[in-house]
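Novice: This is entry_33.txt, which holds compact mmCIF, C-alpha atoms:
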# COMPACT_ATOMS: atom_id res chain seq x y z
CA MET A 6 3.17 -21.11 14.18
CA ARG A 7 0.04 -18.99 14.47
CA PHE A 8 -1.04 -16.51 11.81
CA GLU A 9 -4.12 -14.60 10.71
CA LYS A 10 -5.21 -13.79 7.19
CA TRP A 11 -6.80 -10.36 6.66
CA HIS A 12 -7.93 -8.35 3.66
CA ALA A 13 -8.73 -4.77 2.81
CA LEU A 14 -10.66 -4.30 -0.43
CA GLY A 15 -9.39 -7.67 -1.63
CA ASN A 16 -5.73 -6.89 -0.86
CA ASP A 17 -4.88 -9.79 1.49
CA TYR A 18 -2.01 -10.26 3.93
CA LEU A 19 -0.85 -12.86 6.41
CA ILE A 20 -0.18 -11.33 9.84
CA VAL A 21 2.39 -12.87 12.19
CA GLU A 22 3.87 -11.77 15.49
CA ARG A 23 7.66 -11.86 15.36
CA ASP A 24 8.15 -13.11 18.91
CA ARG A 25 5.86 -16.10 18.27
CA LEU A 26 7.67 -17.24 15.12
CA PRO A 27 9.91 -20.33 15.35
CA PHE A 28 12.40 -18.67 12.96
CA PRO A 29 13.08 -15.24 11.45
CA LEU A 30 11.32 -14.29 8.25
CA THR A 31 13.49 -14.47 5.14
CA ALA A 32 12.69 -13.74 1.50
CA SER A 33 12.35 -17.44 0.67
CA ARG A 34 10.11 -18.12 3.67
CA VAL A 35 7.88 -15.17 2.81
CA ALA A 36 7.62 -16.29 -0.83
CA HIS A 37 6.68 -19.82 0.30
CA LEU A 38 3.98 -18.54 2.65
CA CYS A 39 2.51 -16.30 -0.07
CA ASP A 40 2.42 -19.11 -2.66
CA PRO A 41 -1.23 -20.37 -2.76
CA HIS A 42 -0.10 -23.83 -3.91
CA VAL A 43 2.37 -24.62 -1.13
CA GLY A 44 1.38 -22.10 1.55
CA PRO A 45 -1.67 -20.18 2.76
CA GLY A 46 -1.27 -17.73 -0.12
CA SER A 47 -1.48 -13.95 0.11
CA ASP A 48 -0.41 -10.61 -1.35
CA GLY A 49 2.23 -10.31 1.36
CA VAL A 50 3.19 -10.85 4.99
CA LEU A 51 2.92 -8.36 7.85
CA GLU A 52 5.27 -8.92 10.80
CA LEU A 53 4.45 -7.18 14.08
CA ALA A 54 6.94 -6.81 16.91
CA PRO A 55 7.07 -4.97 20.25
CA PRO A 56 7.92 -1.32 19.66
CA SER A 57 11.52 -0.16 19.41
CA ASP A 58 10.19 3.35 20.15
CA PRO A 59 8.46 3.58 23.55
CA GLY A 60 5.93 6.02 22.10
CA SER A 61 4.74 3.45 19.54
CA VAL A 62 2.42 0.46 19.92
CA ALA A 63 4.34 -1.83 17.56
CA ASP A 64 6.95 -2.10 14.84
CA LEU A 65 5.55 -3.21 11.48
CA ARG A 66 7.51 -4.84 8.65
CA ILE A 67 5.79 -5.39 5.31
CA PHE A 68 6.89 -8.10 2.87
CA ASN A 69 5.85 -8.51 -0.76
CA PRO A 70 5.05 -11.99 -2.13
CA ASP A 71 8.40 -12.09 -3.94
CA GLY A 72 10.11 -11.78 -0.55
CA SER A 73 11.21 -8.16 -0.96
CA GLU A 74 10.42 -5.69 1.80
CA ALA A 75 8.11 -2.73 1.21
CA GLU A 76 8.49 0.57 3.01
CA LEU A 77 4.75 1.03 3.47
CA SER A 78 1.36 -0.34 2.43
CA GLY A 79 -1.82 1.59 3.11
CA ASN A 80 -4.00 -1.53 3.06
CA GLY A 81 -1.45 -3.64 4.93
CA ALA A 82 -1.02 -0.94 7.56
CA ARG A 83 -4.78 -0.78 8.17
CA GLU A 84 -4.94 -4.56 8.50
CA ALA A 85 -2.08 -4.48 11.02
CA ILE A 86 -3.70 -1.59 12.89
CA MET A 87 -7.07 -3.32 13.25
CA TYR A 88 -5.29 -6.56 14.23
CA LEU A 89 -3.45 -4.74 17.02
CA VAL A 90 -6.73 -3.42 18.39
CA ARG A 91 -8.54 -6.76 18.16
CA ARG A 92 -5.63 -8.68 19.71
CA GLY A 93 -5.39 -6.26 22.64
CA TRP A 94 -2.04 -4.62 21.91
CA THR A 95 -3.73 -1.29 22.64
CA ASP A 96 -7.14 0.04 23.70
CA ARG A 97 -6.47 3.58 22.51
CA ARG A 98 -8.40 5.11 19.62
CA GLU A 99 -5.36 7.10 18.49
CA PHE A 100 -1.81 5.77 18.56
CA SER A 101 1.26 5.26 16.40
CA ILE A 102 3.12 2.36 14.82
CA THR A 103 6.59 2.37 13.30
CA THR A 104 7.30 1.23 9.74
CA VAL A 105 10.40 1.25 7.54
CA ALA A 106 9.01 4.49 6.09
CA GLY A 107 8.69 6.01 9.56
CA GLU A 108 5.86 6.62 12.01
CA ILE A 109 2.23 6.44 10.93
CA ARG A 110 -0.65 7.47 13.16
CA PRO A 111 -4.08 5.81 12.94
CA THR A 112 -7.40 6.90 14.39
CA ILE A 113 -9.85 4.05 15.01
CA LEU A 114 -13.30 4.94 13.65
CA SER A 115 -15.16 1.64 14.14
CA ASP A 116 -14.57 -2.09 14.58
CA THR A 117 -13.50 -2.32 10.94
CA GLU A 118 -12.48 1.17 9.81
CA CYS A 119 -9.66 3.57 10.58
CA ARG A 120 -8.11 6.76 9.28
CA VAL A 121 -4.34 6.70 8.87
CA ASP A 122 -2.11 9.76 8.90
CA MET A 123 0.24 8.73 6.09
CA GLY A 124 2.51 11.76 6.43
CA ARG A 125 3.44 14.22 3.73
CA ALA A 126 3.75 13.13 0.11
CA ARG A 127 6.72 14.36 -1.91
CA THR A 128 7.34 14.88 -5.60
CA VAL A 129 11.13 14.79 -5.19
CA SER A 130 12.90 11.66 -3.96
CA ASP A 131 15.79 9.30 -4.58
CA ASP A 132 13.28 6.96 -6.22
CA TYR A 133 13.14 9.36 -9.19
CA PRO A 134 16.58 10.98 -9.03
CA THR A 135 16.47 12.60 -12.46
CA GLY A 136 13.03 14.12 -11.96
CA PRO A 137 12.17 17.83 -11.87
CA PRO A 138 10.90 19.42 -8.65
CA ASP A 139 7.27 18.87 -9.64
CA GLY A 140 7.86 15.13 -10.14
CA THR A 141 6.43 14.96 -13.64
CA GLY A 142 7.98 13.01 -16.49
CA ALA A 143 7.48 10.73 -19.45
CA ILE A 144 8.85 7.31 -20.37
CA ASP A 145 8.48 5.08 -23.41
CA VAL A 146 7.42 1.54 -22.52
CA GLY A 147 5.62 -1.11 -24.58
CA GLY A 148 5.52 0.96 -27.74
CA ARG A 149 3.81 3.97 -26.20
CA SER A 150 4.72 7.05 -24.22
CA TRP A 151 3.43 7.41 -20.66
CA ARG A 152 3.28 10.81 -18.98
CA PHE A 153 3.38 10.35 -15.22
CA GLN A 154 3.44 12.04 -11.85
CA HIS A 155 5.99 10.74 -9.35
CA VAL A 156 4.73 10.72 -5.75
CA LYS A 157 6.67 9.42 -2.74
CA ILE A 158 4.20 8.44 -0.03
CA GLY A 159 6.15 5.98 2.08
CA ASN A 160 7.00 4.15 -1.14
CA PRO A 161 7.42 5.35 -4.75
CA GLN A 162 4.35 5.82 -6.92
CA CYS A 163 4.14 6.44 -10.65
CA ALA A 164 0.64 7.82 -11.25
CA ILE A 165 -0.62 8.02 -14.82
CA ALA A 166 -3.72 10.06 -15.69
CA MET A 167 -5.91 8.79 -18.51
CA ASP A 168 -8.69 10.51 -20.42
CA ASP A 169 -11.04 7.62 -21.09
CA LEU A 170 -12.63 5.20 -18.61
CA ASP A 171 -13.12 2.46 -21.18
CA GLU A 172 -9.45 2.60 -22.09
CA LEU A 173 -8.51 2.39 -18.41
CA LEU A 174 -10.72 -0.65 -17.84
CA ALA A 175 -9.38 -2.36 -20.96
CA LEU A 176 -5.75 -1.72 -20.10
CA ASP A 177 -3.62 -4.86 -19.82
CA LEU A 178 -1.74 -4.13 -16.59
CA PRO A 179 0.42 -7.31 -16.62
CA ALA A 180 1.62 -6.28 -20.08
CA HIS A 181 2.46 -2.67 -19.23
CA GLY A 182 3.21 -2.74 -15.50
CA PRO A 183 6.53 -4.64 -15.42
CA GLY A 184 8.20 -2.38 -17.98
CA ILE A 185 7.26 0.74 -16.02
CA GLN A 186 8.05 -0.85 -12.65
CA HIS A 187 11.58 -1.78 -13.75
CA HIS A 188 12.31 1.28 -15.94
CA VAL A 189 15.77 2.75 -15.40
CA THR A 190 14.10 6.03 -14.44
CA PHE A 191 13.14 4.35 -11.13
CA PRO A 192 16.28 2.80 -9.60
CA GLN A 193 14.37 1.20 -6.68
CA ARG A 194 11.53 0.12 -8.98
CA THR A 195 8.14 1.80 -8.60
CA ASN A 196 4.48 1.11 -7.99
CA VAL A 197 2.22 2.15 -10.86
CA SER A 198 -1.34 3.48 -10.88
CA TRP A 199 -3.53 4.51 -13.78
CA PHE A 200 -6.51 6.73 -13.03
CA VAL A 201 -9.32 8.70 -14.65
CA GLU A 202 -11.74 11.26 -13.23
CA LEU A 203 -15.33 9.99 -12.92
CA GLU A 204 -16.64 13.27 -11.54
CA PRO A 205 -15.09 16.06 -9.47
CA GLY A 206 -13.54 14.50 -6.37
CA ARG A 207 -14.02 10.92 -7.55
CA ILE A 208 -11.53 8.92 -9.59
CA ARG A 209 -11.29 5.34 -10.86
CA ALA A 210 -7.86 3.74 -10.45
CA ARG A 211 -6.12 0.47 -11.26
CA ILE A 212 -2.93 -0.59 -9.52
CA PHE A 213 0.23 -2.52 -10.40
CA GLU A 214 2.32 -2.97 -7.26
CA ARG A 215 6.08 -3.37 -7.08
CA GLY A 216 6.91 -6.97 -6.17
CA VAL A 217 3.25 -8.00 -6.37
CA GLY A 218 1.70 -7.31 -9.76
CA GLU A 219 -1.86 -6.21 -10.44
CA THR A 220 -3.89 -5.93 -7.23
CA MET A 221 -7.55 -5.32 -6.44
CA SER A 222 -6.54 -2.31 -4.36
CA SER A 223 -3.61 -0.47 -2.80
CA GLY A 224 -3.72 2.18 -0.11
CA THR A 225 -0.48 3.86 -1.11
CA GLY A 226 -1.41 3.46 -4.79
CA ALA A 227 -4.75 5.16 -4.13
CA SER A 228 -2.94 7.89 -2.19
CA GLY A 229 -0.46 8.44 -5.01
CA ALA A 230 -3.24 8.64 -7.59
CA ALA A 231 -5.22 11.08 -5.42
CA VAL A 232 -2.20 13.33 -4.89
CA ALA A 233 -1.46 13.28 -8.63
CA TYR A 234 -5.09 14.11 -9.36
CA VAL A 235 -4.98 17.12 -7.01
CA LEU A 236 -1.62 18.30 -8.37
CA GLN A 237 -3.06 18.20 -11.90
CA GLY A 238 -5.91 20.47 -10.84
CA GLY A 239 -8.55 17.92 -9.88
CA ALA A 240 -11.21 19.27 -7.56
CA GLY A 241 -12.69 17.36 -4.66
CA ALA A 242 -14.85 17.98 -1.63
CA GLN A 243 -12.78 20.81 -0.20
CA ASP A 244 -12.69 22.26 3.30
CA ARG A 245 -11.72 25.85 2.59
CA ASP A 246 -10.72 26.50 6.23
CA GLU A 247 -8.26 23.63 6.42
CA GLY A 248 -7.22 23.58 2.77
CA VAL A 249 -7.89 19.85 2.44
CA THR A 250 -9.17 18.21 -0.75
CA THR A 251 -11.04 14.94 -0.29
CA VAL A 252 -10.78 12.43 -3.14
CA THR A 253 -12.70 9.15 -3.30
CA VAL A 254 -10.68 6.52 -5.14
CA VAL A 255 -12.68 3.69 -6.73
CA LEU A 256 -10.61 0.51 -7.05
CA ASP A 257 -11.38 -3.01 -8.22
CA GLY A 258 -11.90 -4.05 -4.59
CA GLY A 259 -13.92 -1.05 -3.37
CA GLU A 260 -13.44 2.58 -2.37
CA LEU A 261 -10.88 4.47 -0.29
CA VAL A 262 -11.06 8.10 0.83
CA VAL A 263 -7.90 10.18 0.57
CA ASP A 264 -7.60 13.64 2.14
CA VAL A 265 -4.86 15.70 0.50
CA GLY A 266 -3.69 18.89 2.21
CA GLU A 267 -2.28 21.94 0.50
CA ASP A 268 1.12 20.83 1.81
CA LEU A 269 0.44 17.32 0.38
CA HIS A 270 -0.20 15.86 3.82
CA VAL A 271 -2.25 12.67 3.30
CA ASP A 272 -4.87 10.94 5.44
CA LEU A 273 -6.22 7.60 4.19
CA THR A 274 -9.55 6.18 5.37
CA GLY A 275 -10.76 2.65 4.75
CA TRP A 276 -11.66 -0.70 6.26
CA ALA A 277 -9.89 -3.98 6.98
CA VAL A 278 -11.30 -7.28 8.26
CA PRO A 279 -9.98 -10.73 9.22
CA ILE A 280 -10.61 -13.77 7.04
CA TYR A 281 -9.39 -16.51 9.39
CA ALA A 282 -6.88 -17.40 12.10
CA ALA A 283 -4.88 -20.61 11.78
CA GLU A 284 -2.00 -22.69 13.03
CA ALA A 285 0.54 -23.81 10.44
CA SER A 286 0.93 -27.58 10.17
CA ASP A 287 4.08 -29.24 11.47
CA ASP A 288 4.90 -30.17 7.87
CA LEU A 289 4.72 -26.54 6.71
CA VAL A 290 6.85 -25.37 9.66
CA THR A 291 9.44 -28.05 8.85
CA THR A 292 9.53 -26.95 5.22
CA LEU A 293 9.87 -23.30 6.18
CA ARG A 294 12.58 -24.05 8.71
CA ALA A 295 14.64 -25.76 6.00
CA LEU A 296 14.55 -22.64 3.83
CA THR A 297 17.14 -19.91 4.31
Using the file provided, produce a representation of the structure as structure tokens.

Specialist:
Amino acid sequence: MRFEKWHALGNDYLIVERDRLPFPLTASRVAHLCDPHVGPGSDGVLELAPPSDPGSVADLRIFNPDGSEAELSGNGAREAIMYLVRRGWTDRREFSITTVAGEIRPTILSDTECRVDMGRARTVSDDYPTGPPDGTGAIDVGGRSWRFQHVKIGNPQCAIAMDDLDELLALDLPAHGPGIQHHVTFPQRTNVSWFVELEPGRIRARIFERGVGETMSSGTGASGAAVAYVLQGGAGAQDRDEGVTTVTVVLDGGELVVDVGEDLHVDLTGWAVPIYAAEASDDLVTTLRALT
């Protein structure tokens, strides 16, 4: 069983090719692989398969370390995209891959960097069924009230603007994140980001991912925070002709660039690199095979 471990801004995934697996991925097998004590350890597993759509290069499934399946991951998608190029699935600089959330279209910028057309963000979705059209709201969790902006960008995001950088950096995400993630307001659970403006067009964000916990970075989390920032009147480097606002999102693991259109169309630019390629031991394969 061959796999590669990749990371993007410290957000690491194991990448496997479905047709080379000795068994299908299940929640328990994914959780075992992601456990750093009994498996290689990672923030999730990316499974690539030949495309079901002839216009696509590959089908991508994204699994969280608890075994649940995510609709989309900006960092995971970039890792899968750069893997596809390096492993020879395509030699094109622009192509598409299919995810549970739908088609995404990358443009390869260098050996390590790509720009991903993430589609159009929405403020109305089934992930926040009681929300108003603008996606705003407030919930009480952990003894305090949180005002938030709901953004659906492949997966649900709850973006919370803060006024003070020191408060953001001191925030105990493992204490606050689970209560927001599992709040009844979000029937499918939600990802959570807290952000503060550093200067016009530049924000600092911290991320608590659904099914993962606190992470060094998140592409969809950064996208959700950037969209929320723009919706709340934040100004970035703006192309007046195209009506696109560019927001640099500073995360624990580095920086991502998010272009937000007037229609909330999102392009995400960042890097992804491999850590190592490996073959699972016979003992690990036997253990995984015994799981259901």

Novice: Extract, using all atoms listed in the file, all DNA, RNA and protein residues at most 6 Å from Thr253 of chain A, discarding same-chain residues fewer than 6 positions from it, and format them as a list in words.

Specialist: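 The filter keeps Arg207, Leu261 and Val262 of chain A.
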
Novice: Just checking: using all atoms listed in the file, which residue out of A:Asp24, A:Thr135, A:Asp257, A:Arg215 ends up closest to Gly72 of chain A?

Specialist: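 With all atoms listed in the file as the atom set, the closest residue is A:Arg215.
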
Novice: Name all residues at most 9 Å from segment 90-100 of chain A (count only C-alpha atoms; drop same-chain ones fewer than 2 positions away) and give them as a ChimeraX atom specification.

Specialist: /A:60-63,85-88,102,109-114,116

Novice: So which one's closest to Met167 of chain A, A:Ser286, A:Thr117, A:Gln154, A:Thr274? Using only C-alpha atoms, please.

Specialist: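 With only C-alpha atoms as the atom set, the closest residue is A:Gln154.
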
Novice: What's the separation between atom CA of Tyr18 of chain A and atom CA of Lys157 of chain A, in Å to one decimal place?

Specialist: 22.5 Å

Novice: Please, what is the axis-aligned box for every listed atom of segment 213-220 of chain A with 8 Å on each side, as centre and edge lengths in Å to one decimal, as lines of an AutoDock Vina configuration file?

Specialist:
center_x = 1.5
center_y = -5.3
center_z = -8.3
size_x = 26.8
size_y = 21.5
size_z = 20.3

Novice: Tell me, in Å to one decimal, how far atom CA of Val50 of chain A is from atom CA of Leu293 of chain A.

Specialist: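 One can read the atom CA of Val50 of chain A to atom CA of Leu293 of chain A distance as 14.2 Å.
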
Novice: With 12 Å as the threshold, what does the neighbourhood of (-16.3, 11.0, -11.0) contain in terms of residues, counting all atoms listed in the file? Coordinates are those of the file; answer as a list in words.

Specialist: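 The residues near that point, listed by chain and number, are Asp169, Leu170, Phe200, Val201, Glu202, Leu203, Glu204, Pro205, Gly206, Arg207, Ile208, Arg209, Ala210, Tyr234, Gly239, Ala240, Gly241, Ala242, Val252, Thr253, Val254 and Val255 of chain A.
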
Novice: Save out the residues we just selected, C-alpha atoms, as an mmCIF file, keeping the file's coordinate frame.

Specialist:
data_model
loop_
_atom_site.group_PDB
_atom_site.id
_atom_site.type_symbol
_atom_site.label_atom_id
_atom_site.label_comp_id
_atom_site.auth_asym_id
_atom_site.auth_seq_id
_atom_site.Cartn_x
_atom_site.Cartn_y
_atom_site.Cartn_z
ATOM 1 C CA ASP A 169 -11.040 7.620 -21.090
ATOM 2 C CA LEU A 170 -12.630 5.200 -18.610
ATOM 3 C CA PHE A 200 -6.510 6.730 -13.030
ATOM 4 C CA VAL A 201 -9.320 8.700 -14.650
ATOM 5 C CA GLU A 202 -11.740 11.260 -13.230
ATOM 6 C CA LEU A 203 -15.330 9.990 -12.920
ATOM 7 C CA GLU A 204 -16.640 13.270 -11.540
ATOM 8 C CA PRO A 205 -15.090 16.060 -9.470
ATOM 9 C CA GLY A 206 -13.540 14.500 -6.370
ATOM 10 C CA ARG A 207 -14.020 10.920 -7.550
ATOM 11 C CA ILE A 208 -11.530 8.920 -9.590
ATOM 12 C CA ARG A 209 -11.290 5.340 -10.860
ATOM 13 C CA ALA A 210 -7.860 3.740 -10.450
ATOM 14 C CA TYR A 234 -5.090 14.110 -9.360
ATOM 15 C CA GLY A 239 -8.550 17.920 -9.880
ATOM 16 C CA ALA A 240 -11.210 19.270 -7.560
ATOM 17 C CA GLY A 241 -12.690 17.360 -4.660
ATOM 18 C CA ALA A 242 -14.850 17.980 -1.630
ATOM 19 C CA VAL A 252 -10.780 12.430 -3.140
ATOM 20 C CA THR A 253 -12.700 9.150 -3.300
ATOM 21 C CA VAL A 254 -10.680 6.520 -5.140
ATOM 22 C CA VAL A 255 -12.680 3.690 -6.730
#

Novice: Which of these residues is nearest to Val146 of chain A, using only C-alpha atoms: A:Asp17, A:His187, A:Asp48, A:Glu214?

Specialist: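 When distances to Val146 of chain A are compared using only C-alpha atoms, the smallest one comes from A:His187.
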
Novice: Please report the interatomic distance between atom CA of Val290 of chain A and atom CA of Leu65 of chain A in Å with one decimal.

Specialist: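 According to the coordinates, atom CA of Val290 of chain A and atom CA of Leu65 of chain A are separated by 22.3 Å.
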
Novice: Could you pull the residues within 8 Å of Gly226 of chain A, counting only C-alpha atoms, minus those fewer than 2 positions along the same chain, as JSON, numbers by chain?

Specialist: {"A": [162, 196, 197, 198, 212, 214, 222, 223, 224, 228, 229, 230]}

Novice: Please provide the set of residues having any atom within 9 Å of Val217 of chain A, restricted to only C-alpha atoms, with same-chain residues fewer than 3 positions apart removed, written as a PyMOL selection string.

Specialist: chain A and resi 48-49+69-71+213-214+220

Novice: Using only C-alpha atoms, please write the residues we just selected to a file, as a CSV table (one decimal), in the frame of the given file.

Specialist:
chain,number,residue,atom,x,y,z
A,48,ASP,CA,-0.4,-10.6,-1.4
A,49,GLY,CA,2.2,-10.3,1.4
A,69,ASN,CA,5.8,-8.5,-0.8
A,70,PRO,CA,5.0,-12.0,-2.1
A,71,ASP,CA,8.4,-12.1,-3.9
A,213,PHE,CA,0.2,-2.5,-10.4
A,214,GLU,CA,2.3,-3.0,-7.3
A,220,THR,CA,-3.9,-5.9,-7.2

Novice: Please produce segment 188-215 of chain A, completed to N, CA and C atoms, as an mmCIF file, keeping the file's coordinate frame.

Specialist:
data_model
loop_
_atom_site.group_PDB
_atom_site.id
_atom_site.type_symbol
_atom_site.label_atom_id
_atom_site.label_comp_id
_atom_site.auth_asym_id
_atom_site.auth_seq_id
_atom_site.Cartn_x
_atom_site.Cartn_y
_atom_site.Cartn_z
ATOM 1 N N HIS A 188 11.660 0.308 -15.058
ATOM 2 C CA HIS A 188 12.310 1.280 -15.940
ATOM 3 C C HIS A 188 13.495 1.921 -15.222
ATOM 4 N N VAL A 189 14.551 2.198 -15.989
ATOM 5 C CA VAL A 189 15.770 2.750 -15.400
ATOM 6 C C VAL A 189 15.528 4.101 -14.726
ATOM 7 N N THR A 190 14.442 4.752 -15.073
ATOM 8 C CA THR A 190 14.100 6.030 -14.440
ATOM 9 C C THR A 190 13.876 5.852 -12.939
ATOM 10 N N PHE A 191 13.474 4.623 -12.529
ATOM 11 C CA PHE A 191 13.140 4.350 -11.130
ATOM 12 C C PHE A 191 14.115 3.311 -10.575
ATOM 13 N N PRO A 192 15.224 3.733 -9.999
ATOM 14 C CA PRO A 192 16.280 2.800 -9.600
ATOM 15 C C PRO A 192 15.870 1.810 -8.518
ATOM 16 N N GLN A 193 14.861 2.136 -7.695
ATOM 17 C CA GLN A 193 14.370 1.200 -6.680
ATOM 18 C C GLN A 193 13.086 0.506 -7.133
ATOM 19 N N ARG A 194 12.802 0.569 -8.424
ATOM 20 C CA ARG A 194 11.530 0.120 -8.980
ATOM 21 C C ARG A 194 10.399 1.038 -8.462
ATOM 22 N N THR A 195 9.226 0.924 -9.018
ATOM 23 C CA THR A 195 8.140 1.800 -8.600
ATOM 24 C C THR A 195 6.810 1.067 -8.670
ATOM 25 N N ASN A 196 5.870 1.511 -7.859
ATOM 26 C CA ASN A 196 4.480 1.110 -7.990
ATOM 27 C C ASN A 196 3.846 1.966 -9.080
ATOM 28 N N VAL A 197 2.828 1.439 -9.738
ATOM 29 C CA VAL A 197 2.220 2.150 -10.860
ATOM 30 C C VAL A 197 0.699 2.191 -10.668
ATOM 31 N N SER A 198 0.119 3.357 -10.883
ATOM 32 C CA SER A 198 -1.340 3.480 -10.880
ATOM 33 C C SER A 198 -1.777 4.249 -12.107
ATOM 34 N N TRP A 199 -2.880 3.795 -12.686
ATOM 35 C CA TRP A 199 -3.530 4.510 -13.780
ATOM 36 C C TRP A 199 -4.884 4.990 -13.256
ATOM 37 N N PHE A 200 -5.256 6.224 -13.569
ATOM 38 C CA PHE A 200 -6.510 6.730 -13.030
ATOM 39 C C PHE A 200 -7.198 7.653 -14.022
ATOM 40 N N VAL A 201 -8.520 7.797 -13.836
ATOM 41 C CA VAL A 201 -9.320 8.700 -14.650
ATOM 42 C C VAL A 201 -10.380 9.327 -13.759
ATOM 43 N N GLU A 202 -10.709 10.583 -14.006
ATOM 44 C CA GLU A 202 -11.740 11.260 -13.230
ATOM 45 C C GLU A 202 -13.124 10.760 -13.651
ATOM 46 N N LEU A 203 -13.938 10.357 -12.667
ATOM 47 C CA LEU A 203 -15.330 9.990 -12.920
ATOM 48 C C LEU A 203 -16.238 11.199 -12.799
ATOM 49 N N GLU A 204 -15.947 12.008 -11.801
ATOM 50 C CA GLU A 204 -16.640 13.270 -11.540
ATOM 51 C C GLU A 204 -15.748 14.030 -10.582
ATOM 52 N N PRO A 205 -15.971 15.328 -10.382
ATOM 53 C CA PRO A 205 -15.090 16.060 -9.470
ATOM 54 C C PRO A 205 -14.990 15.388 -8.095
ATOM 55 N N GLY A 206 -13.764 15.115 -7.668
ATOM 56 C CA GLY A 206 -13.540 14.500 -6.370
ATOM 57 C C GLY A 206 -13.677 12.993 -6.338
ATOM 58 N N ARG A 207 -13.841 12.369 -7.498
ATOM 59 C CA ARG A 207 -14.020 10.920 -7.550
ATOM 60 C C ARG A 207 -13.266 10.372 -8.755
ATOM 61 N N ILE A 208 -12.322 9.468 -8.506
ATOM 62 C CA ILE A 208 -11.530 8.920 -9.590
ATOM 63 C C ILE A 208 -11.593 7.386 -9.564
ATOM 64 N N ARG A 209 -11.398 6.802 -10.726
ATOM 65 C CA ARG A 209 -11.290 5.340 -10.860
ATOM 66 C C ARG A 209 -9.822 5.031 -11.086
ATOM 67 N N ALA A 210 -9.283 4.056 -10.328
ATOM 68 C CA ALA A 210 -7.860 3.740 -10.450
ATOM 69 C C ALA A 210 -7.648 2.236 -10.527
ATOM 70 N N ARG A 211 -6.587 1.857 -11.224
ATOM 71 C CA ARG A 211 -6.120 0.470 -11.260
ATOM 72 C C ARG A 211 -4.645 0.467 -10.872
ATOM 73 N N ILE A 212 -4.227 -0.600 -10.195
ATOM 74 C CA ILE A 212 -2.930 -0.590 -9.520
ATOM 75 C C ILE A 212 -2.070 -1.773 -9.950
ATOM 76 N N PHE A 213 -0.787 -1.492 -10.196
ATOM 77 C CA PHE A 213 0.230 -2.520 -10.400
ATOM 78 C C PHE A 213 1.307 -2.273 -9.356
ATOM 79 N N GLU A 214 1.417 -3.194 -8.388
ATOM 80 C CA GLU A 214 2.320 -2.970 -7.260
ATOM 81 C C GLU A 214 3.688 -3.599 -7.488
ATOM 82 N N ARG A 215 4.698 -2.896 -7.046
ATOM 83 C CA ARG A 215 6.080 -3.370 -7.080
ATOM 84 C C ARG A 215 6.212 -4.655 -6.254
#
